Amino acid sequence: MNYDFFSPQQIHFGWERFNEVGQLAASLGTRALIISGSRSLEANGVIHDLQRLLSRANVTSELIRTVSNEPLVSDVDLTTNILHHSGIRAGDFVIGIGGGSGIDLAKACAAMVTNRESDSVLDYLEGVGRGLSLTQAPLPMLAIPTTAGTGSEATKNAVISNHSPAFKKSLRANQMIPDLVLCDPKLSCSVPPHITAQTGMDTITQLLESYISSRAKPIPQALCLQGLKLALPALAEAVEDGDSRSSRENMSHAALLSGIALANSGLGMAHGVAPALGIHCNIPHGLACAVMLPATLKTNLSVRQKEYAEITRFISPELSFDETDAAQYLIDQIQALNNRIKIPCTLSELGVTHSQIPDLVASSRGNSMSGNPREISDEELTHILEDLL
Ligand code: NAD
């Protein structure tokens, strides 16, 4: 056995623990630069409460920027510029609050403001630009997730999109894992049902893909089993009753575990194709993962039947299936969950057309696809996507 394991230095998890944000923030510095990923958080008073709680702990704060979209290169460059001109000084730190979009924007800006070899994040993204690496530590960062989805609060990358040329790529470095995570599941109660469904399926996809990844490791696998045991029964309930404390807690915890898992083990085909669906077809990340997940599980069944059966037996020990049936049961459960929470079965329902498939295949070859447990040729991926139309 031989592995490395990375995670945030501190994780503070619990219902209504947002109230502790002041004292936690004060351990990072004296001025909080807030980057928020949802206008809803301004409208429902969460950002106001954040600034009030910080002030009570003698931490000054500035709301730098709010975005409600998956962050673009231009968002990162503009926001980094605002940070830069705010006069960065000792004691400054970043708070990223929101879904994966807001936290990724915050992570990218915290890194870019201390790494000034280029004034565009484009030059630091994987596989595009000048291929620069981060040489300086990012500003310290506190991540506060408000969706239960990406687990970005615990990962070492930020996903950044661009329209022309079209790509969705990561800025990635071990130092980008947020220093502190404050995860209060109550913050996710205001997420509407369809976004709860989509982001929750992202969590479930991450847990499954990390468990079966070609780079799977023992600690993340243990976390994946725990996360799946929490998330599989909880997601439909969180969608159908957004105020259910236990389902929101279970989904937020599962999302956090999924982030730790993916940061250490990588992902697979669903997460390989999802950025391509995002950038070429404008499909939100979680929805893209959800639609791709059943096909991903079927595609990998021949090499991961044992692992699928392990998952079924861990989640439902009362079932006495042989390995083949236990593996198939997992795939059936995922399809049934998708149906129950109204995730479409086909890509054509999301507006994807036949003519887009070559671009989708070409844009699916990122870091995530490299974790898929078996090689998938362009020809096979083309057939998989055609079957999903
Ligand atoms: P999101 O952050 O885009 O949020 C989805 C929607 O929910 C937005 O409209 C947002 O305004 C709203 N919202 C967020 N919190 C809310 C709340 N508490 N109440 C009401 N509305 C709220 O969605 P996401 O799925 O969390 O993040 C997606 C992004 O994360 C994508 O860009 C994806 O590629 C990226 N991602 C990153 C990682 C990583 O490790 N860095 C992993 C997976 C995905």
# chains A, B, ... in the order shown; residues from 1 in each chain; ligands from 1

call {"tool": "residues_near_ligand", "arguments": {"ligand": "ligand 1", "cutoff": "7 Å", "atoms": "only C-alpha atoms and all ligand atoms", "output": "PDB file with C-alpha atoms, in the first residue's frame"}}
result
ATOM      1  CA  GLY A  37     -21.605  32.421  -5.400  1.00  0.00           C
ATOM      2  CA  SER A  38     -25.272  33.237  -5.215  1.00  0.00           C
ATOM      3  CA  ARG A  39     -27.426  36.341  -5.342  1.00  0.00           C
ATOM      4  CA  SER A  40     -29.943  34.358  -3.272  1.00  0.00           C
ATOM      5  CA  LEU A  41     -27.495  34.572  -0.369  1.00  0.00           C
ATOM      6  CA  SER A  68     -24.563  33.317  -9.998  1.00  0.00           C
ATOM      7  CA  ASN A  69     -22.917  31.480 -12.875  1.00  0.00           C
ATOM      8  CA  GLU A  70     -20.230  28.813 -13.179  1.00  0.00           C
ATOM      9  CA  PRO A  71     -17.105  31.031 -13.169  1.00  0.00           C
ATOM     10  CA  GLY A  98     -21.807  29.584  -2.172  1.00  0.00           C
ATOM     11  CA  GLY A  99     -22.103  26.491  -4.280  1.00  0.00           C
ATOM     12  CA  GLY A 100     -19.191  25.102  -6.246  1.00  0.00           C
ATOM     13  CA  SER A 101     -19.280  28.161  -8.507  1.00  0.00           C
ATOM     14  CA  GLY A 102     -18.675  30.700  -5.744  1.00  0.00           C
ATOM     15  CA  ASP A 104     -14.228  27.849  -7.096  1.00  0.00           C
ATOM     16  CA  THR A 146     -24.302  26.485   0.550  1.00  0.00           C
ATOM     17  CA  THR A 147     -25.233  23.702  -1.887  1.00  0.00           C
ATOM     18  CA  ALA A 148     -24.720  20.024  -1.076  1.00  0.00           C
ATOM     19  CA  GLY A 149     -23.016  19.070  -4.289  1.00  0.00           C
ATOM     20  CA  THR A 150     -19.488  19.580  -5.511  1.00  0.00           C
ATOM     21  CA  GLY A 151     -17.485  19.235  -2.300  1.00  0.00           C
ATOM     22  CA  SER A 152     -15.314  22.038  -3.696  1.00  0.00           C
ATOM     23  CA  THR A 155     -10.761  19.920  -3.122  1.00  0.00           C
ATOM     24  CA  LYS A 156      -7.537  21.251  -4.584  1.00  0.00           C
ATOM     25  CA  ASN A 157      -8.960  22.582  -7.842  1.00  0.00           C
ATOM     26  CA  ALA A 158     -11.210  25.303  -9.179  1.00  0.00           C
ATOM     27  CA  VAL A 159     -13.162  24.676 -12.378  1.00  0.00           C
ATOM     28  CA  ILE A 160     -13.088  27.631 -14.758  1.00  0.00           C
ATOM     29  CA  LEU A 187     -27.612  27.074   4.672  1.00  0.00           C
ATOM     30  CA  SER A 188     -28.672  24.600   1.963  1.00  0.00           C
ATOM     31  CA  CYS A 189     -32.373  24.670   2.982  1.00  0.00           C
ATOM     32  CA  SER A 190     -33.003  27.593   0.618  1.00  0.00           C
ATOM     33  CA  VAL A 191     -31.705  25.676  -2.429  1.00  0.00           C
ATOM     34  CA  PRO A 192     -34.723  25.021  -4.705  1.00  0.00           C
ATOM     35  CA  ILE A 195     -30.949  22.435  -7.904  1.00  0.00           C
ATOM     36  CA  THR A 199     -26.196  19.128  -7.064  1.00  0.00           C
ATOM     37  CA  GLY A 259     -14.921  16.373  -2.196  1.00  0.00           C
ATOM     38  CA  PRO A 275     -17.545  19.820 -18.509  1.00  0.00           C
ATOM     39  CA  HIS A 285     -22.624  20.601 -13.937  1.00  0.00           C
ATOM     40  CA  GLY A 286     -24.737  18.511 -11.560  1.00  0.00           C
TER      41      GLY A 286
END

call {"tool": "select_by_dssp", "arguments": {"residues": "region 97-290 of chain A", "states": "strand (DSSP E or B)", "output": "VMD selection string"}}
result
chain A and resid 97 to 98 141 to 145 157 to 162 167 to 172 180 to 183

call {"tool": "residues_around", "arguments": {"residues": "Ala111 (chain A)", "least_positions_apart": "2", "cutoff": "7 Å", "atoms": "only C-alpha atoms", "output": "list of chain:residue names"}}
result
A:Lys107, A:Ala108, A:Cys109, A:Val113, A:Thr114, A:Asn115, A:Ala137, A:Pro138, A:Leu139

call {"tool": "write_last_selection", "arguments": {"atoms": "N, CA and C atoms", "output": "mmCIF file, in the first residue's frame"}}
result
data_model
loop_
_atom_site.group_PDB
_atom_site.id
_atom_site.type_symbol
_atom_site.label_atom_id
_atom_site.label_comp_id
_atom_site.auth_asym_id
_atom_site.auth_seq_id
_atom_site.Cartn_x
_atom_site.Cartn_y
_atom_site.Cartn_z
ATOM 1 N N LYS A 107 -11.495 30.311 -4.657
ATOM 2 C CA LYS A 107 -10.226 29.568 -4.618
ATOM 3 C C LYS A 107 -9.277 30.065 -5.714
ATOM 4 N N ALA A 108 -9.839 30.259 -6.902
ATOM 5 C CA ALA A 108 -8.996 30.703 -8.015
ATOM 6 C C ALA A 108 -8.434 32.099 -7.742
ATOM 7 N N CYS A 109 -9.276 32.992 -7.214
ATOM 8 C CA CYS A 109 -8.812 34.369 -6.977
ATOM 9 C C CYS A 109 -7.813 34.429 -5.827
ATOM 10 N N VAL A 113 -4.246 36.075 -6.899
ATOM 11 C CA VAL A 113 -3.831 37.389 -6.382
ATOM 12 C C VAL A 113 -2.412 37.345 -5.799
ATOM 13 N N THR A 114 -1.938 36.151 -5.475
ATOM 14 C CA THR A 114 -0.559 36.042 -4.969
ATOM 15 C C THR A 114 0.398 35.501 -6.039
ATOM 16 N N ASN A 115 -0.123 35.137 -7.176
ATOM 17 C CA ASN A 115 0.710 34.614 -8.276
ATOM 18 C C ASN A 115 0.504 35.525 -9.476
ATOM 19 N N ALA A 137 2.045 30.641 -2.271
ATOM 20 C CA ALA A 137 0.847 30.138 -1.570
ATOM 21 C C ALA A 137 -0.319 31.096 -1.799
ATOM 22 N N PRO A 138 -1.536 30.565 -2.002
ATOM 23 C CA PRO A 138 -2.714 31.442 -2.101
ATOM 24 C C PRO A 138 -2.952 32.171 -0.774
ATOM 25 N N LEU A 139 -3.809 33.193 -0.800
ATOM 26 C CA LEU A 139 -4.258 33.794 0.463
ATOM 27 C C LEU A 139 -4.958 32.714 1.281
#

call {"tool": "residues_around", "arguments": {"residues": "Leu385 (chain A)", "least_positions_apart": "6", "cutoff": "10 Å", "atoms": "only C-alpha atoms", "output": "list in words"}}
result
Val273, Met292, Ala295, Thr346, Leu347, Val352, His354, Ile357, Pro358, Leu360 and Val361 of chain A

call {"tool": "write_last_selection", "arguments": {"atoms": "C-alpha atoms", "output": "compact mmCIF listing (two decimals), in the first residue's frame"}}
result
# COMPACT_ATOMS: atom_id res chain seq x y z
CA VAL A 273 -18.10 14.37 -20.16
CA MET A 292 -24.23 10.58 -17.48
CA ALA A 295 -24.33 5.06 -18.59
CA THR A 346 -31.61 11.41 -22.39
CA LEU A 347 -29.29 14.14 -23.55
CA VAL A 352 -28.02 18.11 -27.12
CA HIS A 354 -26.18 14.75 -32.93
CA ILE A 357 -21.13 14.86 -30.40
CA PRO A 358 -17.69 15.27 -32.03
CA LEU A 360 -18.32 16.67 -26.82
CA VAL A 361 -15.98 13.74 -27.36

call {"tool": "closest_atom_pairs", "arguments": {"of": "region 146-264 of chain A", "to": "region 309-331 of chain A", "cutoff": "12 Å", "atoms": "only C-alpha atoms", "output": "JSON lines"}}
result
{"residue": "A:Ile204", "atom": "CA", "partner": "A:Leu330", "partner_atom": "CA", "distance": 11.9}
{"residue": "A:Thr205", "atom": "CA", "partner": "A:Ile331", "partner_atom": "CA", "distance": 11.8}
{"residue": "A:Leu207", "atom": "CA", "partner": "A:Ile311", "partner_atom": "CA", "distance": 10.5}
{"residue": "A:Leu208", "atom": "CA", "partner": "A:Ile311", "partner_atom": "CA", "distance": 8.8}
{"residue": "A:Glu209", "atom": "CA", "partner": "A:Ile311", "partner_atom": "CA", "distance": 11.9}
{"residue": "A:Tyr211", "atom": "CA", "partner": "A:Ile311", "partner_atom": "CA", "distance": 9.0}
{"residue": "A:Ile212", "atom": "CA", "partner": "A:Ile311", "partner_atom": "CA", "distance": 10.2}
{"residue": "A:Gln221", "atom": "CA", "partner": "A:Ile311", "partner_atom": "CA", "distance": 10.1}
{"residue": "A:Ala222", "atom": "CA", "partner": "A:Ile311", "partner_atom": "CA", "distance": 10.5}
{"residue": "A:Leu223", "atom": "CA", "partner": "A:Ile311", "partner_atom": "CA", "distance": 11.7}
{"residue": "A:Cys224", "atom": "CA", "partner": "A:Ile311", "partner_atom": "CA", "distance": 9.0}
{"residue": "A:Leu225", "atom": "CA", "partner": "A:Ile311", "partner_atom": "CA", "distance": 6.5}
{"residue": "A:Gln226", "atom": "CA", "partner": "A:Ile315", "partner_atom": "CA", "distance": 8.6}
{"residue": "A:Gly227", "atom": "CA", "partner": "A:Ile315", "partner_atom": "CA", "distance": 10.0}
{"residue": "A:Leu228", "atom": "CA", "partner": "A:Ile315", "partner_atom": "CA", "distance": 7.4}
{"residue": "A:Lys229", "atom": "CA", "partner": "A:Ile315", "partner_atom": "CA", "distance": 5.2}
{"residue": "A:Leu230", "atom": "CA", "partner": "A:Ile315", "partner_atom": "CA", "distance": 8.8}
{"residue": "A:Ala231", "atom": "CA", "partner": "A:Ile315", "partner_atom": "CA", "distance": 10.3}
{"residue": "A:Leu232", "atom": "CA", "partner": "A:Ile315", "partner_atom": "CA", "distance": 8.7}
{"residue": "A:Pro233", "atom": "CA", "partner": "A:Ile315", "partner_atom": "CA", "distance": 9.5}

call {"tool": "closest_residue", "arguments": {"among": "A:Gln9, A:Thr299, A:Asn19, A:Ser210", "to": "Asn264 (chain A)", "atoms": "only C-alpha atoms"}}
result
A:Ser210

call {"tool": "closest_residue", "arguments": {"among": "A:Pro140, A:Pro185, A:Pro294, A:Gly87", "to": "His12 (chain A)", "atoms": "only C-alpha atoms"}}
result
A:Pro185

call {"tool": "residues_around", "arguments": {"residues": "Asp359 (chain A)", "least_positions_apart": "3", "cutoff": "12 Å", "atoms": "only C-alpha atoms", "output": "short mmCIF file (atom, residue, chain, number, x, y, z; two decimals) with N, CA and C atoms, in the first residue's frame"}}
result
data_model
loop_
_atom_site.label_atom_id
_atom_site.label_comp_id
_atom_site.auth_asym_id
_atom_site.auth_seq_id
_atom_site.Cartn_x
_atom_site.Cartn_y
_atom_site.Cartn_z
N ALA A 166 -13.86 27.55 -26.51
CA ALA A 166 -14.73 26.89 -25.53
C ALA A 166 -13.97 25.84 -24.75
N PHE A 167 -13.90 26.02 -23.43
CA PHE A 167 -13.31 24.96 -22.59
C PHE A 167 -13.79 25.14 -21.15
N VAL A 273 -17.19 13.82 -19.14
CA VAL A 273 -18.10 14.37 -20.16
C VAL A 273 -18.81 15.64 -19.64
N PRO A 275 -18.01 18.49 -18.09
CA PRO A 275 -17.54 19.82 -18.51
C PRO A 275 -17.82 20.09 -19.98
N ALA A 276 -17.73 19.05 -20.81
CA ALA A 276 -18.01 19.23 -22.24
C ALA A 276 -19.48 19.60 -22.44
N LEU A 277 -20.37 18.93 -21.69
CA LEU A 277 -21.80 19.26 -21.78
C LEU A 277 -22.06 20.67 -21.25
N GLY A 278 -21.27 21.08 -20.27
CA GLY A 278 -21.43 22.42 -19.71
C GLY A 278 -21.03 23.47 -20.73
N ILE A 279 -19.90 23.28 -21.36
CA ILE A 279 -19.37 24.37 -22.19
C ILE A 279 -20.00 24.38 -23.58
N HIS A 280 -20.31 23.21 -24.14
CA HIS A 280 -20.87 23.18 -25.50
C HIS A 280 -22.40 23.26 -25.50
N CYS A 281 -23.04 22.80 -24.43
CA CYS A 281 -24.50 22.70 -24.43
C CYS A 281 -25.14 23.46 -23.28
N VAL A 352 -29.25 18.53 -26.43
CA VAL A 352 -28.02 18.11 -27.12
C VAL A 352 -28.41 17.52 -28.48
N THR A 353 -27.65 17.87 -29.50
CA THR A 353 -27.95 17.35 -30.84
C THR A 353 -26.81 16.47 -31.35
N HIS A 354 -27.14 15.68 -32.34
CA HIS A 354 -26.18 14.75 -32.93
C HIS A 354 -24.92 15.47 -33.39
N SER A 355 -25.10 16.63 -33.98
CA SER A 355 -23.96 17.35 -34.57
C SER A 355 -22.96 17.83 -33.50
N GLN A 356 -23.39 17.84 -32.23
CA GLN A 356 -22.48 18.32 -31.17
C GLN A 356 -21.57 17.21 -30.64
N ALA A 362 -14.33 15.36 -28.09
CA ALA A 362 -13.00 16.01 -28.06
C ALA A 362 -12.76 16.75 -26.75
N SER A 363 -13.83 17.29 -26.15
CA SER A 363 -13.66 18.10 -24.92
C SER A 363 -13.78 17.27 -23.64
N SER A 364 -13.90 15.96 -23.78
CA SER A 364 -14.10 15.11 -22.59
C SER A 364 -12.81 14.51 -22.06
N ARG A 365 -11.68 14.90 -22.64
CA ARG A 365 -10.42 14.21 -22.31
C ARG A 365 -9.61 14.92 -21.24
N ASP A 378 -12.42 7.15 -28.43
CA ASP A 378 -13.32 8.17 -28.98
C ASP A 378 -14.52 7.51 -29.64
N LEU A 381 -16.90 6.29 -26.95
CA LEU A 381 -17.59 7.43 -26.31
C LEU A 381 -18.64 8.01 -27.26
N THR A 382 -18.32 8.05 -28.53
CA THR A 382 -19.30 8.53 -29.52
C THR A 382 -20.56 7.66 -29.47
N LEU A 385 -22.59 8.34 -26.26
CA LEU A 385 -23.35 9.60 -26.31
C LEU A 385 -24.51 9.51 -27.31
#

call {"tool": "closest_residue", "arguments": {"among": "A:Ala173, A:Ala110, A:Ile103, A:Leu301", "to": "Leu125 (chain A)", "atoms": "only C-alpha atoms"}}
result
A:Ala173

call {"tool": "residues_around", "arguments": {"residues": "Met369 (chain A)", "least_positions_apart": "5", "cutoff": "9 Å", "atoms": "only C-alpha atoms", "output": "list in words"}}
result
Gly266, Leu267, Gly268, Met269, Ala270, His271, Gly272, Val273, Ser364, Glu375 and Ile376 of chain A

call {"tool": "write_last_selection", "arguments": {"atoms": "N, CA and C atoms", "output": "PDB file, in the first residue's frame"}}
result
ATOM      1  N   GLY A 266      -9.540  11.042  -7.731  1.00  0.00           N
ATOM      2  CA  GLY A 266      -9.981  11.338  -9.091  1.00  0.00           C
ATOM      3  C   GLY A 266     -11.394  10.839  -9.334  1.00  0.00           C
ATOM      4  N   LEU A 267     -11.808  10.931 -10.606  1.00  0.00           N
ATOM      5  CA  LEU A 267     -13.199  10.649 -10.950  1.00  0.00           C
ATOM      6  C   LEU A 267     -13.256   9.703 -12.148  1.00  0.00           C
ATOM      7  N   GLY A 268     -14.179   9.935 -13.083  1.00  0.00           N
ATOM      8  CA  GLY A 268     -14.316   9.000 -14.198  1.00  0.00           C
ATOM      9  C   GLY A 268     -15.093   9.596 -15.360  1.00  0.00           C
ATOM     10  N   MET A 269     -15.749   8.722 -16.096  1.00  0.00           N
ATOM     11  CA  MET A 269     -16.362   9.134 -17.374  1.00  0.00           C
ATOM     12  C   MET A 269     -17.430  10.211 -17.215  1.00  0.00           C
ATOM     13  N   ALA A 270     -18.299  10.077 -16.207  1.00  0.00           N
ATOM     14  CA  ALA A 270     -19.373  11.076 -16.067  1.00  0.00           C
ATOM     15  C   ALA A 270     -18.777  12.467 -15.884  1.00  0.00           C
ATOM     16  N   HIS A 271     -17.761  12.555 -15.015  1.00  0.00           N
ATOM     17  CA  HIS A 271     -17.122  13.861 -14.805  1.00  0.00           C
ATOM     18  C   HIS A 271     -16.193  14.243 -15.947  1.00  0.00           C
ATOM     19  N   GLY A 272     -15.817  13.273 -16.768  1.00  0.00           N
ATOM     20  CA  GLY A 272     -15.068  13.610 -17.978  1.00  0.00           C
ATOM     21  C   GLY A 272     -15.966  14.327 -18.980  1.00  0.00           C
ATOM     22  N   VAL A 273     -17.187  13.821 -19.141  1.00  0.00           N
ATOM     23  CA  VAL A 273     -18.096  14.373 -20.157  1.00  0.00           C
ATOM     24  C   VAL A 273     -18.812  15.637 -19.637  1.00  0.00           C
ATOM     25  N   SER A 364     -13.897  15.956 -23.783  1.00  0.00           N
ATOM     26  CA  SER A 364     -14.103  15.111 -22.595  1.00  0.00           C
ATOM     27  C   SER A 364     -12.806  14.506 -22.059  1.00  0.00           C
ATOM     28  N   GLU A 375     -10.110   2.242 -20.211  1.00  0.00           N
ATOM     29  CA  GLU A 375      -9.952   3.144 -21.356  1.00  0.00           C
ATOM     30  C   GLU A 375     -11.250   3.195 -22.151  1.00  0.00           C
ATOM     31  N   ILE A 376     -11.621   4.377 -22.597  1.00  0.00           N
ATOM     32  CA  ILE A 376     -12.783   4.513 -23.477  1.00  0.00           C
ATOM     33  C   ILE A 376     -12.313   5.261 -24.716  1.00  0.00           C
TER      34      ILE A 376
END

call {"tool": "closest_residue", "arguments": {"among": "A:Asp387, A:Glu240, A:Asp202, A:Glu126", "to": "Lys342 (chain A)", "atoms": "only C-alpha atoms"}}
result
A:Glu240

call {"tool": "select_by_dssp", "arguments": {"residues": "region 106-337 of chain A", "states": "alpha helix (DSSP H)", "output": "ChimeraX atom specification"}}
result
/A:106-112,193-212,218-240,245-265,269-281,285-315,323-337

call {"tool": "atom_distance", "arguments": {"atom1": "CA of Leu134 (chain A)", "atom2": "CA of Cys183 (chain A)"}}
result
27.2 Å

call {"tool": "residues_around", "arguments": {"residues": "Arg17 (chain A)", "least_positions_apart": "3", "cutoff": "7 Å", "atoms": "only C-alpha atoms", "output": "PyMOL selection string"}}
result
chain A and resi 14+20+184

call {"tool": "write_last_selection", "arguments": {"atoms": "N, CA and C atoms", "output": "PDB file, in the first residue's frame"}}
result
ATOM      1  N   GLY A  14     -21.843  21.284  11.147  1.00  0.00           N
ATOM      2  CA  GLY A  14     -22.998  21.131  12.030  1.00  0.00           C
ATOM      3  C   GLY A  14     -24.081  22.164  11.792  1.00  0.00           C
ATOM      4  N   GLU A  20     -20.769  30.420  14.280  1.00  0.00           N
ATOM      5  CA  GLU A  20     -19.381  30.435  14.777  1.00  0.00           C
ATOM      6  C   GLU A  20     -18.402  31.062  13.787  1.00  0.00           C
ATOM      7  N   ASP A 184     -22.419  24.327   7.330  1.00  0.00           N
ATOM      8  CA  ASP A 184     -23.679  24.351   8.084  1.00  0.00           C
ATOM      9  C   ASP A 184     -24.800  23.927   7.132  1.00  0.00           C
TER      10      ASP A 184
END
